[in-house]
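What follows is the content of start-v5.cif (mmCIF, C-alpha atoms and all ligand atoms).
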```cif
data_work
#
loop_
_atom_site.label_atom_id
_atom_site.label_comp_id
_atom_site.auth_asym_id
_atom_site.auth_seq_id
_atom_site.Cartn_x
_atom_site.Cartn_y
_atom_site.Cartn_z
CA MET A 1 -56.41 37.81 24.55
CA PRO A 2 -56.05 34.37 22.95
CA LEU A 3 -58.80 31.72 22.83
CA SER A 4 -57.37 30.19 25.99
CA ASP A 5 -58.21 33.39 27.92
CA ILE A 6 -61.92 33.41 27.03
CA ILE A 7 -63.86 33.10 30.26
CA GLY A 8 -66.05 30.07 30.93
CA GLN A 9 -66.72 28.84 27.36
CA ASP A 10 -64.53 25.74 27.37
CA ALA A 11 -67.06 23.49 25.62
CA ALA A 12 -67.64 25.90 22.73
CA ILE A 13 -63.92 26.47 22.25
CA ALA A 14 -63.20 22.75 22.41
CA ALA A 15 -65.75 22.19 19.62
CA LEU A 16 -64.03 24.82 17.45
CA ARG A 17 -60.59 23.35 18.09
CA THR A 18 -61.81 19.86 17.28
CA ALA A 19 -63.10 21.09 13.92
CA VAL A 20 -59.72 22.69 13.16
CA GLY A 21 -57.88 19.54 14.27
CA ARG A 22 -59.96 17.45 11.87
CA GLU A 23 -59.50 20.02 9.12
CA ALA A 24 -63.28 20.13 8.95
CA VAL A 25 -64.13 23.72 9.80
CA PRO A 26 -67.65 24.37 8.46
CA GLN A 27 -67.84 27.45 6.24
CA SER A 28 -70.76 28.87 8.21
CA TYR A 29 -70.90 28.95 11.98
CA LEU A 30 -73.73 30.21 14.16
CA PHE A 31 -72.64 31.06 17.69
CA VAL A 32 -75.67 31.10 19.97
CA GLY A 33 -75.98 32.35 23.54
CA PRO A 34 -77.20 35.20 25.75
CA GLU A 35 -75.83 38.69 25.23
CA GLY A 36 -72.40 39.27 26.76
CA VAL A 37 -71.43 35.61 27.32
CA GLY A 38 -68.46 35.85 24.95
CA LYS A 39 -69.67 35.00 21.44
CA SER A 40 -68.05 37.99 19.71
CA ALA A 41 -64.86 37.73 21.79
CA THR A 42 -64.55 34.04 20.92
CA ALA A 43 -65.37 34.70 17.27
CA LEU A 44 -62.62 37.32 17.01
CA GLU A 45 -60.04 35.07 18.66
CA PHE A 46 -61.08 32.10 16.55
CA VAL A 47 -60.83 34.16 13.37
CA LYS A 48 -57.47 35.45 14.52
CA ALA A 49 -56.22 31.88 14.94
CA LEU A 50 -57.64 30.92 11.52
CA LEU A 51 -55.87 33.84 9.81
CA CYS A 52 -52.72 33.65 11.94
CA LYS A 53 -49.46 33.02 10.08
CA GLN A 54 -48.08 30.73 12.78
CA PRO A 55 -51.02 29.44 14.81
CA ARG A 56 -50.23 27.50 17.97
CA GLN A 57 -51.15 23.85 17.97
CA ASP A 58 -52.37 21.65 20.85
CA PRO A 59 -54.35 23.57 21.69
CA PHE A 60 -55.00 25.53 18.51
CA ASP A 61 -54.73 29.28 19.09
CA ALA A 62 -53.46 32.51 17.55
CA CYS A 63 -49.77 33.37 17.98
CA GLY A 64 -50.75 36.92 18.93
CA ALA A 65 -47.58 38.34 17.39
CA CYS A 66 -47.75 38.07 13.58
CA THR A 67 -49.01 40.88 11.34
CA ASN A 68 -52.38 39.17 10.82
CA CYS A 69 -52.93 38.81 14.58
CA ALA A 70 -51.89 42.42 15.17
CA ARG A 71 -54.17 43.75 12.43
CA ILE A 72 -57.17 41.88 13.80
CA THR A 73 -56.47 43.16 17.31
CA GLU A 74 -56.37 46.69 15.89
CA ASN A 75 -59.51 46.04 13.85
CA GLN A 76 -57.54 46.75 10.67
CA HIS A 77 -57.46 43.40 8.88
CA PRO A 78 -58.54 43.64 5.22
CA ASP A 79 -60.00 40.10 5.18
CA LEU A 80 -62.11 40.41 8.31
CA VAL A 81 -65.46 42.04 7.62
CA ARG A 82 -67.42 42.81 10.80
CA ILE A 83 -71.10 43.50 10.41
CA LEU A 84 -72.95 45.26 13.22
CA PRO A 85 -76.51 46.60 13.12
CA ASP A 86 -77.21 50.15 11.96
CA GLY A 87 -79.27 51.28 14.93
CA GLU A 88 -81.49 48.34 15.86
CA LEU A 89 -81.41 46.46 12.56
CA THR A 90 -78.90 44.97 10.15
CA LYS A 91 -80.28 46.37 6.91
CA ILE A 92 -80.04 45.22 3.33
CA TRP A 93 -77.86 48.13 2.21
CA GLN A 94 -75.23 47.08 4.76
CA LEU A 95 -74.92 43.74 2.94
CA TRP A 96 -75.50 44.68 -0.69
CA SER A 97 -74.77 48.03 -2.32
CA ARG A 98 -77.74 50.36 -2.62
CA THR A 99 -77.89 53.89 -4.01
CA GLY A 100 -77.07 56.53 -1.45
CA HIS A 101 -75.23 54.16 0.92
CA PRO A 102 -71.62 52.98 1.34
CA PRO A 103 -70.71 49.74 -0.48
CA GLY A 104 -72.38 46.60 0.90
CA ALA A 105 -70.18 44.30 2.98
CA LEU A 106 -71.00 41.18 0.98
CA GLU A 107 -70.14 42.73 -2.39
CA THR A 108 -66.55 41.55 -1.79
CA LEU A 109 -67.62 37.85 -1.77
CA PRO A 110 -66.37 37.13 -5.33
CA PHE A 111 -62.90 38.56 -4.65
CA ARG A 112 -60.10 36.46 -3.21
CA PRO A 113 -58.67 37.41 0.19
CA ILE A 114 -55.82 39.91 0.27
CA ALA A 115 -53.61 38.92 3.20
CA GLY A 116 -54.19 35.20 3.67
CA SER A 117 -56.19 32.19 2.59
CA LYS A 118 -59.57 33.20 4.03
CA ARG A 119 -61.95 36.11 4.14
CA VAL A 120 -64.21 36.16 7.19
CA TYR A 121 -67.65 37.77 7.46
CA LEU A 122 -68.55 38.18 11.11
CA PHE A 123 -72.17 39.08 11.93
CA GLU A 124 -71.95 40.11 15.56
CA LYS A 125 -75.70 40.49 16.06
CA ALA A 126 -77.29 38.24 13.47
CA GLU A 127 -80.60 38.45 15.34
CA THR A 128 -80.89 42.06 14.18
CA MET A 129 -81.16 41.06 10.51
CA ASN A 130 -84.62 41.78 9.20
CA GLU A 131 -86.25 39.25 6.90
CA GLU A 132 -85.04 41.04 3.78
CA SER A 133 -81.39 40.99 4.96
CA ALA A 134 -81.58 37.40 6.19
CA ASN A 135 -83.13 36.19 2.93
CA SER A 136 -80.48 37.98 0.93
CA LEU A 137 -77.80 36.18 2.93
CA LEU A 138 -79.20 32.72 2.19
CA LYS A 139 -77.71 32.35 -1.28
CA ALA A 140 -74.27 33.34 0.03
CA LEU A 141 -74.54 30.81 2.85
CA GLU A 142 -75.58 28.12 0.41
CA GLU A 143 -72.68 28.34 -2.02
CA PRO A 144 -69.88 30.41 -0.52
CA PRO A 145 -66.59 30.63 -2.44
CA PRO A 146 -64.05 28.22 -0.87
CA TYR A 147 -62.06 31.00 0.82
CA VAL A 148 -65.09 32.44 2.64
CA GLN A 149 -65.75 31.87 6.34
CA PHE A 150 -69.02 33.03 7.89
CA VAL A 151 -69.47 33.46 11.64
CA LEU A 152 -72.90 34.58 12.79
CA CYS A 153 -73.57 35.41 16.44
CA ALA A 154 -77.13 35.40 17.77
CA THR A 155 -78.84 35.39 21.14
CA ALA A 156 -80.96 32.30 20.40
CA PRO A 157 -81.47 29.76 17.59
CA THR A 158 -85.01 31.08 17.22
CA ALA A 159 -83.66 34.62 16.73
CA VAL A 160 -82.58 33.82 13.16
CA LEU A 161 -84.61 32.48 10.24
CA PRO A 162 -84.84 28.66 10.22
CA THR A 163 -83.41 28.71 6.69
CA VAL A 164 -80.32 30.56 7.99
CA LEU A 165 -80.06 28.24 10.99
CA SER A 166 -80.16 25.13 8.80
CA ARG A 167 -77.22 26.35 6.72
CA CYS A 168 -74.94 26.91 9.72
CA GLN A 169 -73.09 24.73 12.19
CA MET A 170 -74.38 25.83 15.60
CA VAL A 171 -72.09 26.27 18.61
CA ARG A 172 -73.76 26.99 21.95
CA PHE A 173 -72.41 29.49 24.46
CA ARG A 174 -73.57 29.11 28.06
CA GLN A 175 -74.11 31.49 30.94
CA VAL A 176 -70.91 31.53 32.99
CA PRO A 177 -71.06 30.65 36.71
CA THR A 178 -70.90 33.68 39.04
CA GLU A 179 -67.74 32.50 40.82
CA ILE A 180 -65.83 32.24 37.53
CA ILE A 181 -66.90 35.74 36.51
CA ALA A 182 -66.04 37.16 39.94
CA GLY A 183 -62.56 35.63 39.73
CA ALA A 184 -62.02 37.07 36.25
CA VAL A 185 -63.23 40.56 37.21
CA GLU A 186 -60.96 40.55 40.25
CA ARG A 187 -58.03 39.35 38.16
CA TYR A 188 -58.42 41.65 35.15
CA ARG A 189 -59.67 44.78 36.93
CA ASP A 190 -58.24 46.36 40.02
CA LEU A 191 -61.27 45.72 42.23
CA PRO A 192 -61.69 44.22 45.69
CA ALA A 193 -63.16 40.72 45.87
CA SER A 194 -66.41 41.97 47.48
CA GLU A 195 -67.07 44.41 44.61
CA ALA A 196 -66.12 41.76 42.03
CA ARG A 197 -68.67 39.39 43.58
CA ILE A 198 -71.46 41.97 43.40
CA ILE A 199 -70.64 42.80 39.78
CA ALA A 200 -70.55 39.09 38.91
CA ALA A 201 -73.92 38.55 40.57
CA TYR A 202 -75.40 41.42 38.53
CA SER A 203 -73.94 40.18 35.26
CA GLN A 204 -76.40 37.29 34.82
CA GLY A 205 -73.76 34.88 33.61
CA ALA A 206 -72.34 37.29 31.04
CA PRO A 207 -68.65 38.21 31.49
CA GLY A 208 -69.06 40.98 28.89
CA ARG A 209 -71.74 42.63 31.00
CA ALA A 210 -69.60 42.21 34.13
CA PHE A 211 -66.64 43.98 32.52
CA ARG A 212 -68.87 46.80 31.28
CA LEU A 213 -70.12 47.27 34.86
CA ALA A 214 -66.58 47.10 36.24
CA ASP A 215 -65.49 49.78 33.76
CA ALA A 216 -68.33 52.15 34.71
CA PRO A 217 -67.72 53.63 38.16
CA GLU A 218 -70.89 55.71 37.78
CA ALA A 219 -72.82 52.43 37.62
CA ARG A 220 -71.56 51.69 41.11
CA ASP A 221 -72.82 55.04 42.45
CA GLN A 222 -76.17 54.48 40.82
CA ARG A 223 -76.37 51.02 42.34
CA GLU A 224 -75.71 52.49 45.78
CA SER A 225 -78.56 55.00 45.35
CA LEU A 226 -80.93 52.29 44.19
CA LEU A 227 -79.98 50.03 47.10
CA ALA A 228 -80.56 52.87 49.55
CA LEU A 229 -83.98 53.39 47.99
CA ALA A 230 -84.72 49.66 48.15
CA GLU A 231 -83.86 49.69 51.85
CA ARG A 232 -86.17 52.64 52.51
CA ILE A 233 -89.07 50.77 50.90
CA ALA A 234 -88.88 48.21 53.71
CA HIS A 235 -89.34 50.96 56.27
CA SER A 236 -92.04 52.94 54.47
CA PRO A 237 -95.82 52.89 54.84
CA GLY A 238 -98.03 52.27 51.80
CA ILE A 239 -98.86 55.95 51.61
CA ALA A 240 -95.25 56.69 50.65
CA ALA A 241 -95.48 54.52 47.51
CA PHE A 242 -96.06 57.42 45.09
CA ARG A 243 -93.07 59.36 46.35
CA LEU A 244 -90.92 56.21 46.26
CA ALA A 245 -92.03 55.56 42.70
CA GLU A 246 -90.95 59.05 41.69
CA GLU A 247 -87.60 58.55 43.41
CA LEU A 248 -87.18 55.30 41.52
CA ARG A 249 -87.82 56.98 38.17
CA ILE A 250 -85.19 59.62 39.01
CA ALA A 251 -82.64 57.17 40.43
CA ALA A 252 -83.04 54.89 37.39
CA LYS A 253 -81.88 57.56 34.94
CA PRO A 254 -78.32 57.17 33.71
CA PRO A 255 -76.05 59.65 35.58
CA ALA A 256 -75.33 61.77 32.48
CA VAL A 257 -79.04 62.42 31.88
CA LYS A 258 -79.84 63.00 35.54
CA GLY A 259 -77.53 66.05 35.63
CA LYS A 260 -79.54 68.02 33.08
CA LYS A 261 -82.92 67.09 34.45
CA GLY A 262 -85.51 69.42 32.93
CA ASP A 263 -89.01 70.28 34.10
CA LYS A 264 -92.06 69.57 31.95
CA ASP A 265 -90.20 67.68 29.28
CA ASP A 266 -89.27 65.19 31.95
CA GLU A 267 -92.86 64.20 32.56
CA ALA A 268 -93.36 63.67 28.84
CA ALA A 269 -90.24 61.56 28.70
CA GLU A 270 -91.54 59.32 31.49
CA THR A 271 -93.54 57.32 29.03
CA ASP A 272 -90.87 56.91 26.40
CA LYS A 273 -88.90 53.83 25.65
CA SER A 274 -85.63 54.96 27.20
CA THR A 275 -87.28 55.64 30.57
CA ARG A 276 -88.75 52.17 30.55
CA GLY A 277 -85.34 50.80 29.59
CA ASP A 278 -83.67 52.69 32.46
CA ILE A 279 -86.20 51.37 34.97
CA THR A 280 -85.86 47.85 33.62
CA ARG A 281 -82.10 48.02 34.19
CA ALA A 282 -82.61 49.48 37.67
CA MET A 283 -84.70 46.42 38.42
CA ASP A 284 -81.50 44.33 38.31
CA VAL A 285 -80.59 46.08 41.57
CA PHE A 286 -84.03 45.69 43.12
CA ALA A 287 -84.16 42.03 42.12
CA ALA A 288 -80.73 41.31 43.62
CA TRP A 289 -81.72 43.15 46.82
CA HIS A 290 -84.95 41.15 47.15
CA ASP A 291 -83.13 37.89 46.47
CA ASP A 292 -80.89 38.77 49.42
CA LEU A 293 -83.92 39.64 51.59
CA LEU A 294 -85.47 36.30 50.80
CA SER A 295 -82.19 34.52 51.58
CA VAL A 296 -82.12 36.17 55.02
CA ALA A 297 -85.76 35.26 55.65
CA LEU A 298 -85.24 31.64 54.65
CA ARG A 299 -81.72 30.93 55.92
CA GLY A 300 -81.28 33.40 58.75
CA PRO A 301 -78.99 36.37 59.37
CA ASN A 302 -75.85 34.48 58.29
CA ALA A 303 -77.18 33.52 54.86
CA PRO A 304 -74.75 33.94 51.94
CA LEU A 305 -75.51 37.32 50.35
CA VAL A 306 -74.70 39.21 47.17
CA HIS A 307 -74.57 42.50 49.10
CA GLU A 308 -72.33 41.23 51.86
CA ASP A 309 -71.45 44.83 52.77
CA ARG A 310 -75.10 45.56 53.60
CA ARG A 311 -75.83 42.56 55.78
CA ALA A 312 -77.06 44.58 58.77
CA ALA A 313 -79.40 46.65 56.61
CA LEU A 314 -80.69 43.53 54.88
CA VAL A 315 -81.39 41.75 58.16
CA GLY A 316 -83.21 44.84 59.45
CA ALA A 317 -85.25 45.13 56.24
CA ALA A 318 -86.08 41.43 56.10
CA ASN A 319 -87.54 41.67 59.61
CA ARG A 320 -90.12 44.13 58.31
CA TYR A 321 -91.72 41.50 56.07
CA ARG A 322 -93.38 38.16 56.30
CA THR A 323 -91.51 35.56 54.25
CA GLU A 324 -94.55 35.01 52.01
CA GLN A 325 -94.53 38.64 50.98
CA LEU A 326 -90.81 38.53 50.18
CA ALA A 327 -91.38 35.55 47.92
CA GLU A 328 -94.25 37.46 46.29
CA ASN A 329 -92.06 40.54 45.85
CA VAL A 330 -89.45 38.53 43.95
CA GLU A 331 -92.23 37.32 41.64
CA THR A 332 -93.68 40.85 41.39
CA LEU A 333 -90.34 42.24 40.22
CA PHE A 334 -90.04 39.52 37.61
CA THR A 335 -93.54 40.19 36.25
CA PHE A 336 -93.03 43.96 36.43
CA ARG A 337 -90.06 43.78 34.07
CA ARG A 338 -91.96 41.90 31.42
CA HIS A 339 -94.93 44.20 31.85
CA LEU A 340 -92.76 47.28 31.41
CA ALA A 341 -91.06 45.83 28.34
CA ARG A 342 -94.52 45.56 26.75
CA ASN A 343 -95.15 49.29 26.67
CA ALA A 344 -96.59 49.83 30.15
CA ASN A 345 -96.88 53.44 31.32
CA ALA A 346 -93.75 53.95 33.43
CA GLN A 347 -95.31 56.28 36.01
CA LEU A 348 -98.35 54.14 36.67
CA ALA A 349 -96.37 50.89 36.60
CA THR A 350 -93.77 52.11 39.12
CA GLU A 351 -96.54 53.34 41.47
CA VAL A 352 -98.27 49.98 41.37
CA LEU A 353 -94.91 48.29 41.90
CA MET A 354 -94.12 50.33 45.02
CA LEU A 355 -97.57 49.66 46.49
CA LYS A 356 -96.79 45.96 46.20
CA LEU A 357 -93.22 46.16 47.51
CA VAL A 358 -93.85 48.11 50.74
CA PRO A 359 -94.43 45.88 53.79
CA ARG A 360 -98.13 45.11 54.09
CA LYS A 361 -99.90 46.69 57.03
CA GLY A 362 -99.94 44.46 60.07
CA THR A 363 -97.44 42.03 58.63
CA ALA A 364 -94.26 43.60 60.01
CA ALA A 365 -92.59 41.36 62.54
ZN ZN B 1 -50.52 35.18 14.54
#
```
If you convert what's in this file into C-alpha cells, what do you get?
Ligand SMILES: [Zn+2]
Amino acid sequence: MPLSDIIGQDAAIAALRTAVGREAVPQSYLFVGPEGVGKSATALEFVKALLCKQPRQDPFDACGACTNCARITENQHPDLVRILPDGELTKIWQLWSRTGHPPGALETLPFRPIAGSKRVYLFEKAETMNEESANSLLKALEEPPPYVQFVLCATAPTAVLPTVLSRCQMVRFRQVPTEIIAGAVERYRDLPASEARIIAAYSQGAPGRAFRLADAPEARDQRESLLALAERIAHSPGIAAFRLAEELRIAAKPPAVKGKKGDKDDEAAETDKSTRGDITRAMDVFAAWHDDLLSVALRGPNAPLVHEDRRAALVGAANRYRTEQLAENVETLFTFRRHLARNANAQLATEVLMLKLVPRKGTAA
C-alpha cells in the first residue's frame, strides 16, 4: 500500500511530500492524531519512500518493488527500527541496553545505516514512554547523526513531554469522515455496503479501527447481541434493570472469554479492569443505538440511520420514550463511559445505567 492509498489523510501526506520536494525533511517528526487514524500506516509508507531505491516523484512515493520496499513490507529492513511498548509502557531498557534485557534499540545510533542512506527509528506509540524513557530520548533528538530519521507517533501533542514535542516537527492526522471509511471498507473487504456503513459509523473516524472490526466476524455477532439487548431495554420496566445489567456484563465479554464462563471467579472478575474495558467497548454499540433512537425521535421514521437494517425495531423502540429522555440517555451513556474508566464498580455502575436507560414510568407514548 503506497502513500497514495492511505485513507483520508491527504493534508498530512501533502505536508510530508512538500518537505521531501524541498529537500527539507526534518530529522524528527511527531505524527499526532487519534488511535487508528493512520499514523503508523503513513509512517511506514513514508519511511519506505525515503529508503526506496527508485522512489516515484510527483507525487513522491515508494516504488513498492525494490529490495528496500520489499524488506520494509516484510518487516525485515535492517535500517528500520520499530519501537512498540512492552505491555503498557515504552521502557528505558527498550531504548538503552540494561542488564538482563535484549540490546536497546537506540544503541545503534552511532552506527551508519547498512542498506541505504538513512536509519529510521519509528516510535509507534510515543505516548507510552514514561518520563525516564522520554528524557533519555531528548539528547538523541537534539543532536542526531545526519543519517538518522526519527518518527514518533502519539495520540495527542499533550501525550508527550513538552521537551520532546519542541524538538519535533508536528504533523496532524485527522479523524476520517464516515463516508470515506465506509467506501474504503467496502472496497478493500468483501462486505455489503450496509455492513460497511455500520462498521464505519462504529470506527469513530479511525480507518484502522474499521478494518479491525471488518476482520473480526465475531465482533459482528457480539454487536447483534448487544443491539438485541438495547432493543429490549426500550420494552422493559424499571424492575428489569438488574437482570438487564447482568445480561450486559455477559454480552460485553469478548466471545473467546464468554465460552469458558466460570462461576464464582466471574463475580470477582466483574470489578477488574478488563471487565470495565469490555463494557466500555460495548457502549459503542449502545451509544450508536441511542443516537439512532434520537434521530428517529427528532426527524421521524425516515431519518437517516446507522442501523438501517433495524429501522422497524428502532421506530418501535423510539415510540416508547419521550424525546427528552432519549437526549438524556445519550448524555448518560457518555458520562457512564468516563465514570467507568475512572475505576467505577462495574456491577453497580451497569445497574445504575440500566435504571436510567429504561423508559420512565408514565412517559411511554
Ligand atoms: Zn522501492
Write out as an MDAnalysis selection string each polymer residue (protein, DNA or RNA) that has an atom no more than 9 Å from ligand ZN 1 (chain B), with only C-alpha atoms and all ligand atoms counted. chainID A and resid 48:56 61:70
Could you pull the residues within 12 Å of Asp221 of chain A, counting only C-alpha atoms, minus those fewer than 4 positions along the same chain, as an NGL selection string? :A and (213-214 or 216-217 or 225-228 or 251-252 or 254-255 or 285)
What's the 10 Å shell around Met1 of chain A, counting only C-alpha atoms, without same-chain residues fewer than 5 positions away, as a PyMOL selection string? chain A and resi 6+41-42+44-45+62+64+73
Quick one: contact table of segment 249-361 of chain A to segment 187-209 of chain A, 7 Å max, nearest atom pair and distance in Å to one decimal per residue, counting all atoms listed in the file, chain and number order, as CSV?
```
residue,atom,partner,partner_atom,distance
A:Asp284,CA,A:Tyr202,CA,6.8
A:Val306,CA,A:Ile198,CA,5.7
A:His307,CA,A:Ile198,CA,6.5
```
Residues from last step as file, C-alpha atoms, as a PDB file, in the coordinates of the input:
```pdb
ATOM      1  CA  ASP A 284     -81.500  44.330  38.310  1.00  0.00           C
ATOM      2  CA  VAL A 306     -74.700  39.210  47.170  1.00  0.00           C
ATOM      3  CA  HIS A 307     -74.570  42.500  49.100  1.00  0.00           C
TER       4      HIS A 307
END
```
Separation of atom CA of Leu95 of chain A from atom CA of Phe111 of chain A in Å: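 Answer for the atom CA of Phe111 of chain A to atom CA of Leu95 of chain A separation: 15.1 Å.
Rounded to one decimal, atom CA of Phe242 of chain A and atom CA of Ser274 of chain A lie 20.9 Å from each other.
Here atom CA of Ala14 of chain A stands at a distance of 17.5 Å from atom CA of Gln27 of chain A.
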Please provide the set of residues having any atom within 10 Å of Ile239 of chain A, restricted to all atoms listed in the file, with same-chain residues fewer than 5 positions apart removed, written as an MDAnalysis selection string. chainID A and resid 244 354:355 358
Measuring atom to atom with all atoms listed in the file, identify which of A:Asp292, A:Glu231, A:Glu179, A:Glu124 is nearest to Leu152 of chain A.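 Of A:Asp292, A:Glu231, A:Glu179, A:Glu124, the one nearest Leu152 of chain A is A:Glu124, counting all atoms listed in the file.
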Could you check which of A:Leu138, A:Ile7, A:Ala182, A:Met129 is closest to Ala159 of chain A, using all atoms listed in the file?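 Checking each candidate against Ala159 of chain A, we get A:Met129 as the closest.
Minimum atom-to-atom distance to Gly8 of chain A, evaluated using only C-alpha atoms, belongs to A:Gly183 out of A:Glu35, A:Arg98, A:Ala115, A:Gly183.
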Taking all atoms listed in the file into account, which of A:Ala210, A:Ile114, A:Val32, A:Ala282 comes nearest Cys153 of chain A?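 Ranking A:Ala210, A:Ile114, A:Val32, A:Ala282 by distance to Cys153 of chain A, first place goes to A:Val32.
Closest to Ala287 of chain A among A:Thr335, A:Leu30, A:Gln76, A:Thr90 is A:Thr335, based on all atoms listed in the file.
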